[in-house]
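K.L.:
I'd like to ask some things about the structure below.
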Amino acid sequence: MARQGTPSIPMGDAGGTAHETVPRTWRMHGVLSSSAHKFEAFLEAAEFDRGPWLTVAFGCGIGLWFYLAAPWQWVAMISAFLGMAVLSWAGWRHQPGRAFTLAAVISLALAVAAGVSVVWARSAMVGAEPIAYPRFERIDGRVLSREEQPAEDRVRLVLAARDGETGKAHAYRVNVPLSADSPELREGARVRLSARLMPPSPPIVPGAYNFARRAWFDGLAATGSAVGDVEIIEPPGASRLSIASAQRQLSRHVRANLEGTSGAIAATLASGDRGAIPEADEEAMRDSGLTHLLSISGLHVSAIIAATYFIVLKLLAFWPWLTLRIRLPLVAAGASAIAGIAYTLLTGAEVPTVRSCIGALLVLVALAVGREPLSMRMIAIAAGVVLALWPESLVGPSFQMSFAAVIAIVSLHNVRAVRDFLAPRQESWLRRMSRRTAMLFLTGLVIELALMPIVLFHFHRAGVYGAAANLIAIPLVTFISMPLVALALALDLIGAGAPAWWLVGKSLDLLLAIAHFFAEQPGSVKLAPRIGMGAIGLYVGGALWLALWHGRARLLGFGPIIASAVLMITAPIPDILITRDGRDIGIANEAERLLVLHDREGGYAQDNLLELAGTDQSPIEIVDWPRSRCSDQFCVFALERGGRPWSVLVARNRDLVEERALAAACMRADIVIADRYLPYSCQPRWLKADRRFLDREGGASIYLADQRIDTVAQDQGEHGWWRAPRE
């Protein structure tokens, strides 16, 4: 029997000609209708919820804009998805039974197009053209913001000034030493100073941190350091309370009552100011998986809102007249919302804090109206708001780690087996606490597994024992340290906060001891070379499918996750790493430790080379390697890769050499690396990575076995923050 609504096509005999009684277009219509029917049935069986996937599609559009290189590609992508929406509407508008599929396809296509458009518009509106070259400049400008960083012995200012050459208005970020600081050096003051300015730095090698991209969206044209004294031309005027000044005053007050690193962490919990935390302690927190406790996010905002809700609810319950006339949970929810918003603003309104505040407000609304508070729709709304306001946050680790953690928590607690495990039952307090502790450990483990690929992608190192460390640290900070900080601040109003500050210090000393203990264990840190966009894209796609889908279809998400894990584990280490200025190089896979041109312990470039080579061992200088031959100007050595020897010639300095001798040396080498312009007569057999090449391509990673060269320029396209000179 023919399916209802499908035209019946009589066929000829078995051996011969088929006689079609309907036009060919109707046959195609039937195929499309059948495909749509199957797709509709799949969506219904999987309980497809379009809401969260709209945010995912919007984020995909933003990601495509960053990934694609040129404006014509962005236009083509917007046009393609708008065309998909139009064709879907035209093809299925007469199919009332396909309304669900039609709405899903059209809305998702429009969301992708909107993502590309929004981030493109945001880039055009806020992007700041970087200065063309490093220079020394006398700046006359007004202070826009001030950030205190006592751990670095400096104050960081953002100044609005006019370019001395073009006359255009720019924003410069300038570091001022504490010795040149003054009470009047704050927002609104007009200052004059001399500074060494640099264009915002792109990645020094492929896979390194891209500060130029962040500076573009922050509106910064240059960064630099002040030289000499800072002259106050015009004081900031009458002192008025602002969020920034309140944040600084609160941070100073906390550090004045509690010294050392514990005071710096307490100031972070109270105001979001991380500038006083020493680098060694911050590294220990990172390597132990506890660095999220130093970034004001969901944990801190939730603790503030929950504590406010509980306190207000209990206090109002003592007033019988009010209890009988209004719904106390609504009043408590309103007070909690005010507290959450105030804390978010006070701590700097960073992306994790904004996301957490929006999510917490949605939870309060859900509780007030009797709806399920922990749902993917709540997370999707929070993510959608953040992406609509700051679409560039999508490619930053803060946004990705923040939402990955909360999605992992909600997904885990929405699993039926987990709900059954946590369901109330008649049992002893010991068994109840044991179940809660086991669930806390499982939650920490799931979060660590969800975050590790993202952390390795951005930072190339991740703490392995984070689940165990968080099992102790999260309850310590949530239920002891943060309440004690709030109590100490409250008691300071009457001058009685000293005992509370002493307890705060002890609790945070314990937190630091936990961080150092786990960070110093053998194998506590997992290192990884550069992870490709394909691997991280597979992971994100599989993880979102696993988290957002329902039923057995969600298990399909394990396929991309497993594939991405294989790609990450097998990611090759570059044989040669060359920084964008050519002054630092790293040779991997040859000795037990990384070979470097210059051993600059603790230097930014060397740290990046070590991370991307997947090692934390101290490097060896090439000149000290027995298999290299070095003169005062050059080093030459051979590498065996891909079944063949590679001869490498590296310049040690910029001393002039006789051109004929240099040309002869280049002819014998496969690769020549130098931080200067080499003459045309220098023609190696495969690659000449001199100043001209590095100016055009940026830093480079070389994989000799595959004869592949990855450069920074390959990942930048024609985006505004990449202004490499062209030959």
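Labels used: A, B, ... for chains in the order of the structure tokens, numbers from 1 for residues in each chain, and numbers from 1 for ligands as shown.
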Excluding range 80-91 of chain A and residues on its chain fewer than 6 positions from it, collect all residues at most 9 Å away from it, counting only C-alpha atoms, and give them as a PyMOL selection string.
P.N.:
chain A and resi 29+32+102-103+105-113
K.L.:
Can you write out the residues you just picked, keeping N, CA and C atoms, as a short mmCIF file (atom, residue, chain, number, x, y, z; two decimals), in the first residue's frame?
P.N.:
data_model
loop_
_atom_site.label_atom_id
_atom_site.label_comp_id
_atom_site.auth_asym_id
_atom_site.auth_seq_id
_atom_site.Cartn_x
_atom_site.Cartn_y
_atom_site.Cartn_z
N HIS A 29 10.47 15.54 -4.81
CA HIS A 29 9.71 16.03 -3.67
C HIS A 29 9.40 14.89 -2.71
N LEU A 32 12.56 14.07 -0.75
CA LEU A 32 12.76 15.05 0.31
C LEU A 32 11.77 14.85 1.44
N LEU A 102 11.06 21.73 10.17
CA LEU A 102 11.21 23.00 9.47
C LEU A 102 11.67 24.10 10.42
N ALA A 103 11.02 24.18 11.58
CA ALA A 103 11.40 25.21 12.55
C ALA A 103 12.83 25.00 13.04
N VAL A 105 15.43 23.45 11.46
CA VAL A 105 16.44 23.75 10.44
C VAL A 105 16.54 25.25 10.21
N ILE A 106 15.40 25.92 10.08
CA ILE A 106 15.42 27.36 9.81
C ILE A 106 16.05 28.13 10.97
N SER A 107 15.64 27.82 12.19
CA SER A 107 16.15 28.57 13.34
C SER A 107 17.63 28.32 13.55
N LEU A 108 18.10 27.09 13.37
CA LEU A 108 19.53 26.82 13.54
C LEU A 108 20.36 27.49 12.46
N ALA A 109 19.86 27.48 11.21
CA ALA A 109 20.59 28.15 10.13
C ALA A 109 20.67 29.66 10.38
N LEU A 110 19.58 30.24 10.83
CA LEU A 110 19.59 31.68 11.12
C LEU A 110 20.51 32.00 12.29
N ALA A 111 20.57 31.08 13.26
CA ALA A 111 21.45 31.31 14.42
C ALA A 111 22.91 31.32 13.99
N VAL A 112 23.31 30.40 13.10
CA VAL A 112 24.69 30.39 12.61
C VAL A 112 25.00 31.69 11.87
N ALA A 113 24.10 32.10 10.97
CA ALA A 113 24.31 33.35 10.24
C ALA A 113 24.40 34.54 11.19
#
K.L.:
Among range 152-228 of chain A, which ones does DSSP place in strand (DSSP E or B), written as a ChimeraX atom specification?
P.N.:
/A:154-162,169-177,190-198,222-228
K.L.:
Next, write the just-selected residues to a file, as a compact mmCIF listing (two decimals), in the first residue's frame, keeping N, CA, C and O atoms as the atom set.
P.N.:
# COMPACT_ATOMS: atom_id res chain seq x y z
N ARG A 154 54.26 46.69 40.23
CA ARG A 154 53.86 47.65 39.22
C ARG A 154 52.37 47.96 39.33
O ARG A 154 51.61 47.26 40.00
N VAL A 155 51.98 49.03 38.65
CA VAL A 155 50.59 49.41 38.45
C VAL A 155 50.34 49.44 36.96
O VAL A 155 51.16 49.97 36.19
N ARG A 156 49.23 48.88 36.53
CA ARG A 156 48.93 48.82 35.09
C ARG A 156 47.83 49.84 34.78
O ARG A 156 46.73 49.78 35.35
N LEU A 157 48.15 50.76 33.87
CA LEU A 157 47.21 51.81 33.48
C LEU A 157 46.78 51.61 32.03
O LEU A 157 47.57 51.16 31.20
N VAL A 158 45.55 51.98 31.75
CA VAL A 158 45.08 52.11 30.37
C VAL A 158 44.86 53.59 30.12
O VAL A 158 44.07 54.23 30.83
N LEU A 159 45.58 54.14 29.14
CA LEU A 159 45.56 55.58 28.86
C LEU A 159 44.91 55.85 27.52
O LEU A 159 45.17 55.14 26.53
N ALA A 160 44.08 56.87 27.47
CA ALA A 160 43.53 57.37 26.21
C ALA A 160 44.38 58.55 25.76
O ALA A 160 44.51 59.54 26.48
N ALA A 161 44.97 58.43 24.58
CA ALA A 161 45.87 59.47 24.08
C ALA A 161 45.81 59.50 22.57
O ALA A 161 45.26 58.61 21.93
N ARG A 162 46.40 60.54 22.00
CA ARG A 162 46.47 60.66 20.55
C ARG A 162 47.83 60.22 20.06
O ARG A 162 48.86 60.53 20.67
N ALA A 169 43.09 58.95 18.00
CA ALA A 169 42.93 58.58 19.40
C ALA A 169 43.17 57.09 19.57
O ALA A 169 42.66 56.27 18.79
N HIS A 170 43.96 56.73 20.57
CA HIS A 170 44.29 55.34 20.85
C HIS A 170 44.18 55.07 22.34
O HIS A 170 44.22 56.00 23.16
N ALA A 171 44.09 53.79 22.67
CA ALA A 171 44.19 53.35 24.06
C ALA A 171 45.49 52.56 24.20
O ALA A 171 45.74 51.63 23.43
N TYR A 172 46.31 52.96 25.15
CA TYR A 172 47.58 52.29 25.41
C TYR A 172 47.54 51.68 26.81
O TYR A 172 47.06 52.30 27.76
N ARG A 173 48.06 50.46 26.92
CA ARG A 173 48.21 49.84 28.24
C ARG A 173 49.66 49.97 28.65
O ARG A 173 50.55 49.44 27.98
N VAL A 174 49.90 50.67 29.76
CA VAL A 174 51.26 51.00 30.18
C VAL A 174 51.48 50.51 31.60
O VAL A 174 50.67 50.77 32.49
N ASN A 175 52.59 49.82 31.82
CA ASN A 175 52.99 49.39 33.16
C ASN A 175 53.84 50.46 33.81
O ASN A 175 54.84 50.91 33.23
N VAL A 176 53.45 50.86 35.00
CA VAL A 176 54.16 51.89 35.76
C VAL A 176 54.73 51.25 37.01
O VAL A 176 54.00 50.59 37.75
N PRO A 177 56.03 51.39 37.29
CA PRO A 177 56.59 50.80 38.52
C PRO A 177 55.99 51.45 39.76
O PRO A 177 55.59 52.62 39.74
N ARG A 190 44.74 63.30 34.12
CA ARG A 190 45.49 63.51 32.88
C ARG A 190 46.97 63.47 33.23
O ARG A 190 47.42 64.18 34.14
N VAL A 191 47.72 62.62 32.51
CA VAL A 191 49.13 62.39 32.86
C VAL A 191 50.00 62.58 31.63
O VAL A 191 49.53 62.52 30.48
N ARG A 192 51.28 62.78 31.89
CA ARG A 192 52.26 62.84 30.82
C ARG A 192 53.44 61.96 31.24
O ARG A 192 53.95 62.08 32.35
N LEU A 193 53.83 61.08 30.34
CA LEU A 193 54.92 60.16 30.66
C LEU A 193 55.59 59.69 29.37
O LEU A 193 55.03 59.83 28.28
N SER A 194 56.78 59.15 29.53
CA SER A 194 57.50 58.54 28.41
C SER A 194 57.38 57.03 28.54
O SER A 194 57.46 56.47 29.65
N ALA A 195 57.19 56.34 27.40
CA ALA A 195 56.98 54.90 27.45
C ALA A 195 57.55 54.24 26.21
O ALA A 195 57.55 54.82 25.12
N ARG A 196 58.04 53.04 26.40
CA ARG A 196 58.39 52.18 25.27
C ARG A 196 57.14 51.41 24.89
O ARG A 196 56.59 50.66 25.70
N LEU A 197 56.70 51.56 23.66
CA LEU A 197 55.45 50.96 23.21
C LEU A 197 55.73 49.86 22.20
O LEU A 197 56.64 49.98 21.36
N MET A 198 54.93 48.83 22.26
CA MET A 198 55.02 47.70 21.34
C MET A 198 53.64 47.41 20.79
O MET A 198 52.63 47.57 21.49
N ALA A 222 48.44 49.49 21.72
CA ALA A 222 49.83 49.20 22.06
C ALA A 222 49.93 48.90 23.55
O ALA A 222 49.06 49.26 24.34
N THR A 223 51.00 48.23 23.91
CA THR A 223 51.33 48.00 25.31
C THR A 223 52.76 48.44 25.52
O THR A 223 53.56 48.52 24.57
N GLY A 224 53.12 48.72 26.76
CA GLY A 224 54.48 49.16 27.01
C GLY A 224 54.75 49.41 28.47
O GLY A 224 53.93 49.09 29.35
N SER A 225 55.89 50.00 28.74
CA SER A 225 56.33 50.29 30.11
C SER A 225 56.77 51.74 30.20
O SER A 225 57.43 52.27 29.29
N ALA A 226 56.39 52.38 31.30
CA ALA A 226 56.78 53.77 31.52
C ALA A 226 58.26 53.86 31.86
O ALA A 226 58.82 52.98 32.51
N VAL A 227 58.88 54.93 31.38
CA VAL A 227 60.29 55.20 31.66
C VAL A 227 60.39 56.54 32.37
O VAL A 227 59.93 57.56 31.84
N GLY A 228 60.95 56.55 33.56
CA GLY A 228 61.08 57.80 34.30
C GLY A 228 59.83 58.11 35.11
O GLY A 228 58.97 57.24 35.36
K.L.:
If you run DSSP over the backbone, which residues in range 81-308 of chain A end up helix (DSSP H, G or I)? Put them as a VMD selection string.
P.N.:
chain A and resid 81 to 92 96 to 126 150 to 152 178 to 180 211 to 218 243 to 257 260 to 271 279 to 287 291 to 294 298 to 308
K.L.:
As a ChimeraX atom specification, please: the residues near Asn257 in chain A (cut-off 8 Å, only C-alpha atoms, same-chain neighbours under 5 positions excluded).
P.N.:
/A:263,498,501
K.L.:
Next, write the just-selected residues to a file, as a PDB file, in the first residue's frame, keeping N, CA, C and O atoms as the atom set.
P.N.:
ATOM      1  N   GLY A 263      46.579  36.573  52.410  1.00  0.00           N
ATOM      2  CA  GLY A 263      45.894  37.852  52.279  1.00  0.00           C
ATOM      3  C   GLY A 263      45.578  38.180  50.837  1.00  0.00           C
ATOM      4  O   GLY A 263      44.515  38.730  50.523  1.00  0.00           O
ATOM      5  N   ALA A 498      39.653  41.166  63.862  1.00  0.00           N
ATOM      6  CA  ALA A 498      40.961  40.511  63.934  1.00  0.00           C
ATOM      7  C   ALA A 498      40.868  38.998  64.137  1.00  0.00           C
ATOM      8  O   ALA A 498      41.558  38.238  63.442  1.00  0.00           O
ATOM      9  N   TRP A 501      39.868  37.374  60.882  1.00  0.00           N
ATOM     10  CA  TRP A 501      40.934  37.403  59.876  1.00  0.00           C
ATOM     11  C   TRP A 501      41.986  36.348  60.178  1.00  0.00           C
ATOM     12  O   TRP A 501      42.557  35.752  59.244  1.00  0.00           O
TER      13      TRP A 501
END
K.L.:
May I ask for the distance between CA of Gly396 in chain A and CA of Arg186 in chain A, given in Å to one decimal place?
P.N.:
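So the answer is 28.6 Å.
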K.L.:
Could you tell me how far CA of Asp670 in chain A lies from CA of Asp710 in chain A, in Å and to one decimal?
P.N.:
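These two atoms are separated by 17.1 Å.
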K.L.:
In Å, rounded to a single decimal, give me how far CA of Tyr677 in chain A is from CA of Ala663 in chain A.
P.N.:
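We find that CA of Ala663 in chain A and CA of Tyr677 in chain A lie 13.4 Å from each other.
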K.L.:
Quick one: contact table of range 175-263 of chain A to range 274-290 of chain A, 12 Å max, nearest atom pair and distance in Å to one decimal per residue, counting only C-alpha atoms, chain and number order, as CSV?
P.N.:
residue,atom,partner,partner_atom,distance
A:Gln247,CA,A:Arg274,CA,11.4
A:Arg248,CA,A:Gly275,CA,10.6
A:Ser251,CA,A:Arg274,CA,9.3
A:Arg252,CA,A:Ala276,CA,10.1
A:Val254,CA,A:Ala276,CA,11.4
A:Arg255,CA,A:Ala276,CA,8.8
A:Glu259,CA,A:Ala276,CA,10.4
A:Gly260,CA,A:Ile277,CA,8.5
A:Thr261,CA,A:Ile277,CA,5.8
A:Ser262,CA,A:Ile277,CA,8.6
A:Gly263,CA,A:Ala276,CA,8.6
K.L.:
Can you work out which one of A:Phe459, A:Arg676, A:Glu640, A:Cys666 has the shortest atom-to-atom distance to Asn653 in chain A, counting only C-alpha atoms?
P.N.:
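Closest to Asn653 in chain A of all the choices is A:Arg676.
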K.L.:
Using only C-alpha atoms, which of the listed residues (A:Ile536, A:Val672, A:Ala500, A:Ala547) sits closest to Leu456 in chain A?
P.N.:
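Checking each of A:Ile536, A:Val672, A:Ala500, A:Ala547 against Leu456 in chain A, counting only C-alpha atoms, the winner is A:Ile536.
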K.L.:
Set the distance at 8 Å and use only C-alpha atoms: which residues neighbour Val205 in chain A once local chain neighbours fewer than 3 positions away are removed? I'd like the list as a list of chain:residue names.
P.N.:
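Near neighbours after the sequence-gap exclusion: A:Ala208, A:Leu577, A:Ile578, A:Thr579, A:Arg580, A:Gly698, A:Gly699, A:Ala700, A:Ser701, A:Thr711, A:Val712.
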K.L.:
Quick one: write out the picked residues with C-alpha atoms as a PDB file, in the first residue's frame?
P.N.:
ATOM      1  CA  ALA A 208      50.965  30.057  21.784  1.00  0.00           C
ATOM      2  CA  LEU A 577      60.262  25.679  16.913  1.00  0.00           C
ATOM      3  CA  ILE A 578      61.199  29.201  15.778  1.00  0.00           C
ATOM      4  CA  THR A 579      59.863  32.276  17.580  1.00  0.00           C
ATOM      5  CA  ARG A 580      58.573  35.204  15.552  1.00  0.00           C
ATOM      6  CA  GLY A 698      55.458  34.930  12.265  1.00  0.00           C
ATOM      7  CA  GLY A 699      56.814  32.058  14.326  1.00  0.00           C
ATOM      8  CA  ALA A 700      57.002  28.576  12.842  1.00  0.00           C
ATOM      9  CA  SER A 701      56.762  24.922  13.821  1.00  0.00           C
ATOM     10  CA  THR A 711      53.261  29.256  10.779  1.00  0.00           C
ATOM     11  CA  VAL A 712      51.413  31.808  12.873  1.00  0.00           C
TER      12      VAL A 712
END
K.L.:
So which one's closest to Leu567 in chain A, A:Leu595, A:Ala468, A:Met378, A:Leu538? Using only C-alpha atoms, please.
P.N.:
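For Leu567 in chain A, the nearest of the given residues is A:Leu538.
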K.L.:
Quick one: of A:Met533, A:Ile338, A:Val418, A:Ala215, who's nearest to Ala128 in chain A, counting only C-alpha atoms?
P.N.:
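Closest residue, counting only C-alpha atoms: A:Ala215.
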K.L.:
From the set A:Arg644, A:Gln716, A:Leu294, A:Leu527, which residue has the shortest atom-to-atom contact distance to Leu508 in chain A, counting only C-alpha atoms?
P.N.:
A:Leu294
K.L.:
Considering only C-alpha atoms, return as a list in words whatever protein or nucleic-acid residues lie within 8 Å of Ile407 in chain A, sequence-local ones (same chain, fewer than 4 positions apart) excluded.
P.N.:
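My reading of the contact set: Met376, Ile379, Phe403, Ser411 and Ala547 of chain A.
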